[in-house]
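Presented below is the structure to which this report refers.
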Amino acid sequence: MKLGTTAVHAGCKPDPTTGAIMTPIFCTSTYVQEYPAVIKDGYDYSRGKNPTRTALQENLAALEGARHALAFSSGLAATNTLISTLSPGDRVLCGNDLYGGTYRLFRQVFEKYGLTFSIVDSTDLAAVEQALKTPTRLVWVETPTNPLLRITDLAAVARLAHDAGALMACDNTFASPWLQRPLELGCDIVMHSATKYLGGHSDLVLGALALNDDELAERLTFLQFAVGAVPGPHDCFLALRGTKTLHVRMQRHCENAARIAAWLDEHPRVQQVHYPGLPDHPGHAIAARQMRDFGGMLSFVLDASVQEAMDYTSRTSVFALAESLGGVESLIEHPPSMTHASISAEQRRASGLHDGLIRLSVGIEDVDDLIEDLDRAFTTG
Ligand SMILES: *Cc1c(COP(=O)(O)O)cnc(C)c1O
C-alpha cells in the first residue's frame with residue numbers, strides 16, 4: 001500500500017459495537033475483568049494500554065514503516081523515555097544543531113545521572129567518524145535542523161554508528177514520514193514531536209518513537225508504562241485525525257515553501273535563504289536523495305539589526321508571530337530573540353545564526369497571499 005492510503009487507514013478499524021468509522025475516544029482509566037487477572041488484549045489500566053492510543057501507535061508505525069511505535073505525552077517525553085534505556089557511563093553523540101529542548105533535557109537533566117553527551121557536526125562525516133572513536137551507545141541527529149535547515153546524510157551516519165557499535169536515532173519532526181523514512185535509511189529509532197506536522201493543526205502536544213527492534217520495543221513499552229509519560233485519549237484522537245491528511249498537507253507545505261524560498265532568493269533585501277530545495281543549499285544533493293520533497297520550513301537572513309528583524313516579524317498579518325511549527329497556518333519568528341534566545345550573541349553568530357535571521361513555518365494557505373504578506377512587511381518597514 002502507498003503512504004497516502006496508509007496515512008488514512010492504518011490502525012483504524014470500524015468500531016466493533018457500532019461500526020463507527022472513526023476510532024472512538026476511549027475515556028477510561030480502567031477496564032472490567034471477568035475474573036481476577038483475566039485481561040482482554042492487555043487492557044487493564046490506561047497508562048499501560050488504551051484503544052485510542054493503540055490505533056494511533058499502529059498508524060504511526062505504518063507511516064514510518066516500523067514494526068513498533070509508541071506514543072508519549074510530548075516529543076520530549078518520547079526522548080526522555082528513550083534515553084532512560086541508557087545506563088550511567090553511556091555516551092550519546094549528538095548533532096550540533098539540536099532542538100533546544102532536547103539539548104536542555106540531555107545537559108540539564110540526564111548529565112547528572114552519569115550519561116555524557118558529546119556534540120559533533122553531523123553533516124561532516126569525517127568528524128562523525130573521528131568522534132565515534134570514543135565508545136558510544138547512541139547517535140542522535142536531526143535533519144533538516146532548526147533553524148538553518150542543515151542536512152545530515154542519514155544512511156552514511158547510520159553506517160558509521162553501526163560500525164562503532166552504536167544505535168542511531170533520528171528526530172524526524174521537521175521532515176515527517178511523508179518526506180523522509182529514517183528506518184529505511186538504516187536508522188534504528190525515529191523520534192517525533194507529533195505536536196508539529198503529524199498533528200498538523202497546532203492543537204495538541206504529543207510525541208512518538210518508532211522502531212523495528214522487538215527487544216528494544218519491549219523495553220520501551222515497559223518504560224512507557226513504568227515512567228508514565230503517556231498521552232490521553234483526546235490527544236491520541238487528534239493526532240490520528242491529523243495523520244490522515246499528512247500527505248495532502250505536506251504536499252501543499254512543500255509547494256508553498258518552495259515558491260516562497262524562490263521569491264525570497266530574488267529579493268534585494270534578503271541576504272540568504274536557507275531552504276534545502278534551493279540548488280545552492282549545501283545539503284541540497286543529500287536532501288534530494290533522502291527526502292521526497294524539501295519540506296515546509298525555511299529561514300532567511302535580512303540585512304538588518306536584531307531590532308529591525310524583530311520589527312519585520314511583527315508586521316506580517318497572515319503569518320502569525322509564534323514559536324512552534326508544522327500547523328496548517330503560517331508562522332513567522334525571529335530565532336535570535338525567540339526560540340534561540342538562550343544562546344549568547346557570540347555563540348549564536350559563531351554557529352551561523354545571523355542577527356537578521358527569520359524563520360518561517362509555511363502553512364497551507366494560498367501562496368499568493370503569503371507572498372503578498374511578506375512583501376508588505378518589507379514595504380511598510
Ligand atoms: C518541538 C520539537 C521537539 C519537542 O517536542 P514537544 O512535543 O514540544 O515536546 C523535538 N524536536 C523537534 C525538532 C521539535 O521541533
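Chain labels A, B, ... are given in the sequence in which chains occur in the C-alpha cells; within each chain residues are numbered consecutively from 1, and ligands are likewise numbered from 1 in the order shown.
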
Non-local contacts of Met250 (chain A) (10 Å; only C-alpha atoms; under 6 positions in same chain excluded) as a ChimeraX atom specification: /A:175-179,197-198,200,256,293-296,326,328,363-364

Ligand 1 neighbours within 9 Å using only C-alpha atoms and all ligand atoms, as number ranges by chain: A: 72-79, 98-102, 142-146, 171-174, 191-196, 204-208, 324-326

Which of region 6-167 of chain A fall in alpha helix (DSSP H), as a PyMOL selection string: chain A and resi 6-9+51-63+75-83+100-104+125-131+154-163

Residue selection dump (N, CA and C atoms) as a tab-separated table (two decimals), in the first residue's frame:
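The file below, out_36.tsv, is the result:
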```tsv
chain	number	residue	atom	x	y	z
A	6	THR	N	-1.98	4.46	3.50
A	6	THR	CA	-1.59	4.09	4.86
A	6	THR	C	-1.98	5.19	5.84
A	7	ALA	N	-1.70	6.44	5.48
A	7	ALA	CA	-1.97	7.56	6.39
A	7	ALA	C	-3.45	7.59	6.77
A	8	VAL	N	-4.31	7.36	5.79
A	8	VAL	CA	-5.75	7.43	6.06
A	8	VAL	C	-6.25	6.23	6.86
A	9	HIS	N	-5.72	5.04	6.57
A	9	HIS	CA	-6.36	3.83	7.09
A	9	HIS	C	-5.62	3.09	8.19
A	51	PRO	N	-7.26	1.91	23.88
A	51	PRO	CA	-7.54	1.60	22.46
A	51	PRO	C	-7.31	2.77	21.50
A	52	THR	N	-7.58	4.01	21.93
A	52	THR	CA	-7.35	5.14	21.03
A	52	THR	C	-5.85	5.30	20.79
A	53	ARG	N	-5.07	5.09	21.86
A	53	ARG	CA	-3.61	5.17	21.72
A	53	ARG	C	-3.10	4.02	20.84
A	54	THR	N	-3.67	2.84	21.02
A	54	THR	CA	-3.26	1.69	20.20
A	54	THR	C	-3.46	2.00	18.71
A	55	ALA	N	-4.62	2.57	18.38
A	55	ALA	CA	-4.90	2.90	16.98
A	55	ALA	C	-3.87	3.90	16.45
A	56	LEU	N	-3.58	4.93	17.26
A	56	LEU	CA	-2.58	5.93	16.84
A	56	LEU	C	-1.21	5.27	16.66
A	57	GLN	N	-0.82	4.44	17.62
A	57	GLN	CA	0.50	3.81	17.54
A	57	GLN	C	0.63	2.95	16.29
A	58	GLU	N	-0.44	2.24	15.95
A	58	GLU	CA	-0.40	1.40	14.74
A	58	GLU	C	-0.29	2.27	13.49
A	59	ASN	N	-0.99	3.39	13.51
A	59	ASN	CA	-0.93	4.31	12.37
A	59	ASN	C	0.48	4.89	12.23
A	60	LEU	N	1.07	5.32	13.34
A	60	LEU	CA	2.41	5.92	13.29
A	60	LEU	C	3.46	4.90	12.86
A	61	ALA	N	3.33	3.66	13.35
A	61	ALA	CA	4.27	2.61	12.95
A	61	ALA	C	4.20	2.41	11.45
A	62	ALA	N	2.98	2.35	10.92
A	62	ALA	CA	2.82	2.13	9.48
A	62	ALA	C	3.42	3.29	8.68
A	63	LEU	N	3.22	4.51	9.16
A	63	LEU	CA	3.75	5.68	8.44
A	63	LEU	C	5.27	5.64	8.37
A	75	GLY	N	6.93	15.31	22.64
A	75	GLY	CA	8.14	14.86	21.96
A	75	GLY	C	9.26	14.64	22.97
A	76	LEU	N	9.39	15.57	23.91
A	76	LEU	CA	10.46	15.43	24.90
A	76	LEU	C	10.23	14.23	25.81
A	77	ALA	N	8.97	13.89	26.09
A	77	ALA	CA	8.70	12.69	26.89
A	77	ALA	C	9.15	11.44	26.13
A	78	ALA	N	8.99	11.45	24.81
A	78	ALA	CA	9.46	10.32	23.99
A	78	ALA	C	10.98	10.22	24.08
A	79	THR	N	11.66	11.35	23.94
A	79	THR	CA	13.12	11.37	24.03
A	79	THR	C	13.58	10.93	25.42
A	80	ASN	N	12.94	11.48	26.43
A	80	ASN	CA	13.25	11.12	27.81
A	80	ASN	C	13.18	9.60	28.00
A	81	THR	N	12.11	8.99	27.48
A	81	THR	CA	11.92	7.55	27.68
A	81	THR	C	12.99	6.76	26.94
A	82	LEU	N	13.36	7.21	25.76
A	82	LEU	CA	14.43	6.51	25.03
A	82	LEU	C	15.75	6.62	25.79
A	83	ILE	N	16.07	7.81	26.28
A	83	ILE	CA	17.34	8.00	26.99
A	83	ILE	C	17.34	7.19	28.30
A	100	GLY	N	16.43	22.93	20.86
A	100	GLY	CA	16.90	23.45	22.16
A	100	GLY	C	16.41	22.64	23.35
A	101	GLY	N	15.17	22.18	23.30
A	101	GLY	CA	14.61	21.42	24.42
A	101	GLY	C	15.28	20.06	24.56
A	102	THR	N	15.70	19.47	23.46
A	102	THR	CA	16.41	18.19	23.50
A	102	THR	C	17.76	18.39	24.18
A	103	TYR	N	18.44	19.45	23.75
A	103	TYR	CA	19.74	19.78	24.32
A	103	TYR	C	19.63	20.05	25.83
A	104	ARG	N	18.58	20.78	26.20
A	104	ARG	CA	18.35	21.10	27.62
A	104	ARG	C	18.09	19.82	28.41
A	125	LEU	N	31.07	13.98	7.80
A	125	LEU	CA	31.20	12.54	8.08
A	125	LEU	C	32.55	12.19	8.70
A	126	ALA	N	33.62	12.91	8.29
A	126	ALA	CA	34.94	12.64	8.87
A	126	ALA	C	34.93	12.98	10.36
A	127	ALA	N	34.26	14.07	10.71
A	127	ALA	CA	34.17	14.46	12.12
A	127	ALA	C	33.35	13.44	12.92
A	128	VAL	N	32.30	12.90	12.30
A	128	VAL	CA	31.48	11.89	12.99
A	128	VAL	C	32.32	10.63	13.23
A	129	GLU	N	33.06	10.22	12.19
A	129	GLU	CA	33.88	9.01	12.31
A	129	GLU	C	34.92	9.19	13.43
A	130	GLN	N	35.54	10.36	13.45
A	130	GLN	CA	36.54	10.67	14.48
A	130	GLN	C	35.89	10.63	15.87
A	131	ALA	N	34.73	11.26	16.00
A	131	ALA	CA	34.05	11.33	17.31
A	131	ALA	C	33.63	9.95	17.79
A	154	LEU	N	21.69	10.58	6.47
A	154	LEU	CA	21.29	9.59	7.48
A	154	LEU	C	21.89	8.22	7.22
A	155	ALA	N	21.90	7.78	5.96
A	155	ALA	CA	22.42	6.44	5.66
A	155	ALA	C	23.90	6.36	6.02
A	156	ALA	N	24.65	7.42	5.69
A	156	ALA	CA	26.09	7.41	5.96
A	156	ALA	C	26.38	7.45	7.46
A	157	VAL	N	25.66	8.29	8.19
A	157	VAL	CA	25.91	8.39	9.64
A	157	VAL	C	25.45	7.10	10.33
A	158	ALA	N	24.36	6.51	9.87
A	158	ALA	CA	23.90	5.24	10.46
A	158	ALA	C	24.95	4.15	10.28
A	159	ARG	N	25.58	4.13	9.08
A	159	ARG	CA	26.63	3.14	8.84
A	159	ARG	C	27.79	3.35	9.80
A	160	LEU	N	28.21	4.60	9.98
A	160	LEU	CA	29.32	4.90	10.90
A	160	LEU	C	28.94	4.51	12.33
A	161	ALA	N	27.72	4.83	12.72
A	161	ALA	CA	27.26	4.50	14.08
A	161	ALA	C	27.31	2.99	14.29
A	162	HIS	N	26.80	2.23	13.31
A	162	HIS	CA	26.76	0.77	13.46
A	162	HIS	C	28.16	0.18	13.47
A	163	ASP	N	29.06	0.73	12.63
A	163	ASP	CA	30.45	0.24	12.63
A	163	ASP	C	31.08	0.44	14.00
```

Residues flagged strand (DSSP E or B) by DSSP in region 97-322 of chain A, as a ChimeraX atom specification: /A:116-120,138-142,167-171,189-193,207-211,270-274,297-302,320-321

Spatial neighbours of region 258-267 of chain A, max dist 10 Å, only C-alpha atoms, sep filter under 3 positions, as a count of residues only: 31

All residues 8 Å or closer to region 337-343 of chain A, only C-alpha atoms, same chain fewer than 6 positions away omitted, as a list in words: Gly100, Val306, Met310 and Glu323 of chain A

Using only all heavy atoms, please write the residues we just selected to a file, as a PDB file, in the first residue's frame.
```
ATOM      1  N   GLY A 100      16.432  22.934  20.864  1.00  0.00           N
ATOM      2  CA  GLY A 100      16.896  23.447  22.155  1.00  0.00           C
ATOM      3  C   GLY A 100      16.412  22.635  23.349  1.00  0.00           C
ATOM      4  O   GLY A 100      17.162  22.400  24.297  1.00  0.00           O
ATOM      5  N   VAL A 306      19.139  43.176  14.928  1.00  0.00           N
ATOM      6  CA  VAL A 306      18.180  42.388  15.702  1.00  0.00           C
ATOM      7  C   VAL A 306      16.848  43.138  15.770  1.00  0.00           C
ATOM      8  O   VAL A 306      15.779  42.562  15.511  1.00  0.00           O
ATOM      9  CB  VAL A 306      18.734  42.105  17.124  1.00  0.00           C
ATOM     10  CG1 VAL A 306      17.627  41.639  18.058  1.00  0.00           C
ATOM     11  CG2 VAL A 306      19.844  41.059  17.065  1.00  0.00           C
ATOM     12  N   MET A 310      13.249  41.986  14.283  1.00  0.00           N
ATOM     13  CA  MET A 310      12.098  41.806  15.180  1.00  0.00           C
ATOM     14  C   MET A 310      10.913  42.624  14.675  1.00  0.00           C
ATOM     15  O   MET A 310       9.774  42.146  14.660  1.00  0.00           O
ATOM     16  CB  MET A 310      12.465  42.211  16.621  1.00  0.00           C
ATOM     17  CG  MET A 310      13.383  41.214  17.297  1.00  0.00           C
ATOM     18  SD  MET A 310      14.139  41.854  18.814  1.00  0.00           S
ATOM     19  CE  MET A 310      12.811  41.682  19.971  1.00  0.00           C
ATOM     20  N   GLU A 323       6.157  30.827  18.094  1.00  0.00           N
ATOM     21  CA  GLU A 323       7.072  29.687  18.049  1.00  0.00           C
ATOM     22  C   GLU A 323       6.273  28.473  17.583  1.00  0.00           C
ATOM     23  O   GLU A 323       5.104  28.576  17.279  1.00  0.00           O
ATOM     24  CB  GLU A 323       7.673  29.469  19.444  1.00  0.00           C
ATOM     25  CG  GLU A 323       8.473  30.690  19.893  1.00  0.00           C
ATOM     26  CD  GLU A 323       9.250  30.483  21.181  1.00  0.00           C
ATOM     27  OE1 GLU A 323       9.223  29.369  21.719  1.00  0.00           O
ATOM     28  OE2 GLU A 323       9.880  31.456  21.645  1.00  0.00           O
TER      29      GLU A 323
END
```

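Our summary of the geometry notes that CA of Ala217 (chain A) is positioned 20.9 Å from CA of Leu240 (chain A).
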
Long-range neighbours of Asn212 (chain A) as an MDAnalysis selection string, 12 Å cut-off, only C-alpha atoms, 3 positions minimum in chain: chainID A and resid 61:62 64:70 182:184 186:190 209 215:218 220

All residues 12 Å or closer to Asp311 (chain A), only C-alpha atoms, same chain fewer than 5 positions away omitted, as a ChimeraX atom specification: /A:302,304-306,316,321,332-334,337,356,358,377-378,380-381

Nearest residue to His284 (chain A) from the set A:Ala229, A:Ala10, A:Met1, A:Leu149 (distances using only C-alpha atoms): A:Leu149

Do a neighbour search on Cys94 (chain A) at 8 Å with only C-alpha atoms, toss out local chain neighbours closer than 2 positions, and write the hits as a short mmCIF file (atom, residue, chain, number, x, y, z; two decimals) with all heavy atoms, in the first residue's frame.
```cif
data_model
loop_
_atom_site.label_atom_id
_atom_site.label_comp_id
_atom_site.auth_asym_id
_atom_site.auth_seq_id
_atom_site.Cartn_x
_atom_site.Cartn_y
_atom_site.Cartn_z
N VAL A 92 26.34 9.55 24.51
CA VAL A 92 25.48 9.86 23.36
C VAL A 92 26.20 10.89 22.51
O VAL A 92 26.68 11.90 23.03
CB VAL A 92 24.11 10.42 23.83
CG1 VAL A 92 23.22 10.73 22.63
CG2 VAL A 92 23.42 9.46 24.78
N ASN A 96 25.08 18.85 16.07
CA ASN A 96 25.40 20.13 16.72
C ASN A 96 24.31 21.18 16.60
O ASN A 96 24.48 22.30 17.03
CB ASN A 96 26.71 20.70 16.16
CG ASN A 96 26.59 21.03 14.68
OD1 ASN A 96 25.65 20.61 14.03
ND2 ASN A 96 27.55 21.75 14.15
N LEU A 98 20.87 20.82 17.50
CA LEU A 98 19.69 20.14 18.03
C LEU A 98 18.59 21.11 18.45
O LEU A 98 18.86 22.24 18.83
CB LEU A 98 20.06 19.34 19.29
CG LEU A 98 20.89 18.07 19.14
CD1 LEU A 98 20.85 17.29 20.44
CD2 LEU A 98 20.41 17.22 17.98
N PHE A 117 27.07 13.54 26.93
CA PHE A 117 26.53 13.97 25.64
C PHE A 117 27.61 14.78 24.94
O PHE A 117 28.03 15.82 25.45
CB PHE A 117 25.27 14.81 25.85
CG PHE A 117 24.16 14.02 26.50
CD1 PHE A 117 24.04 13.99 27.89
CD2 PHE A 117 23.27 13.29 25.74
CE1 PHE A 117 23.04 13.25 28.50
CE2 PHE A 117 22.26 12.54 26.34
CZ PHE A 117 22.15 12.52 27.72
N SER A 118 28.10 14.25 23.83
CA SER A 118 29.11 14.97 23.06
C SER A 118 28.45 15.49 21.79
O SER A 118 27.46 14.92 21.32
CB SER A 118 30.26 14.05 22.66
OG SER A 118 30.77 13.42 23.80
N ILE A 119 29.05 16.55 21.27
CA ILE A 119 28.43 17.21 20.12
C ILE A 119 29.37 17.15 18.92
O ILE A 119 30.58 17.33 19.06
CB ILE A 119 28.11 18.66 20.50
CG1 ILE A 119 26.97 18.61 21.52
CG2 ILE A 119 27.72 19.48 19.29
CD1 ILE A 119 26.48 19.92 21.95
N VAL A 120 28.79 16.88 17.75
CA VAL A 120 29.58 16.83 16.53
C VAL A 120 28.76 17.45 15.41
O VAL A 120 27.53 17.44 15.46
CB VAL A 120 29.96 15.36 16.20
CG1 VAL A 120 28.73 14.55 15.78
CG2 VAL A 120 31.04 15.28 15.14
N SER A 122 27.15 16.82 12.47
CA SER A 122 26.78 15.54 11.84
C SER A 122 26.71 15.65 10.32
O SER A 122 26.54 14.64 9.64
CB SER A 122 25.45 15.03 12.40
OG SER A 122 24.43 16.00 12.22
N VAL A 139 23.77 7.48 18.71
CA VAL A 139 24.00 8.70 17.93
C VAL A 139 22.62 9.33 17.73
O VAL A 139 21.65 8.63 17.41
CB VAL A 139 24.66 8.39 16.58
CG1 VAL A 139 24.78 9.64 15.72
CG2 VAL A 139 26.03 7.75 16.80
N TRP A 140 22.53 10.64 17.96
CA TRP A 140 21.24 11.34 17.90
C TRP A 140 21.35 12.50 16.92
O TRP A 140 22.13 13.42 17.15
CB TRP A 140 20.89 11.87 19.30
CG TRP A 140 19.58 12.59 19.32
CD1 TRP A 140 19.36 13.87 18.92
CD2 TRP A 140 18.32 12.08 19.75
NE1 TRP A 140 18.03 14.18 19.06
CE2 TRP A 140 17.37 13.10 19.57
CE3 TRP A 140 17.89 10.84 20.26
CZ2 TRP A 140 16.03 12.95 19.89
CZ3 TRP A 140 16.55 10.69 20.58
CH2 TRP A 140 15.64 11.72 20.39
N VAL A 141 20.61 12.45 15.83
CA VAL A 141 20.65 13.56 14.88
C VAL A 141 19.25 14.04 14.51
O VAL A 141 18.26 13.31 14.67
CB VAL A 141 21.41 13.21 13.56
CG1 VAL A 141 22.83 12.81 13.82
CG2 VAL A 141 20.69 12.13 12.79
#
```

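If you measure from each of A:Ala345, A:Ala166, A:Leu185, A:Ile151 to His281 (chain A) using only C-alpha atoms, the closest one turns out to be A:Ile151.
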
d(CA of Asp373 (chain A), CA of Thr313 (chain A)) in Å: 10.8 Å
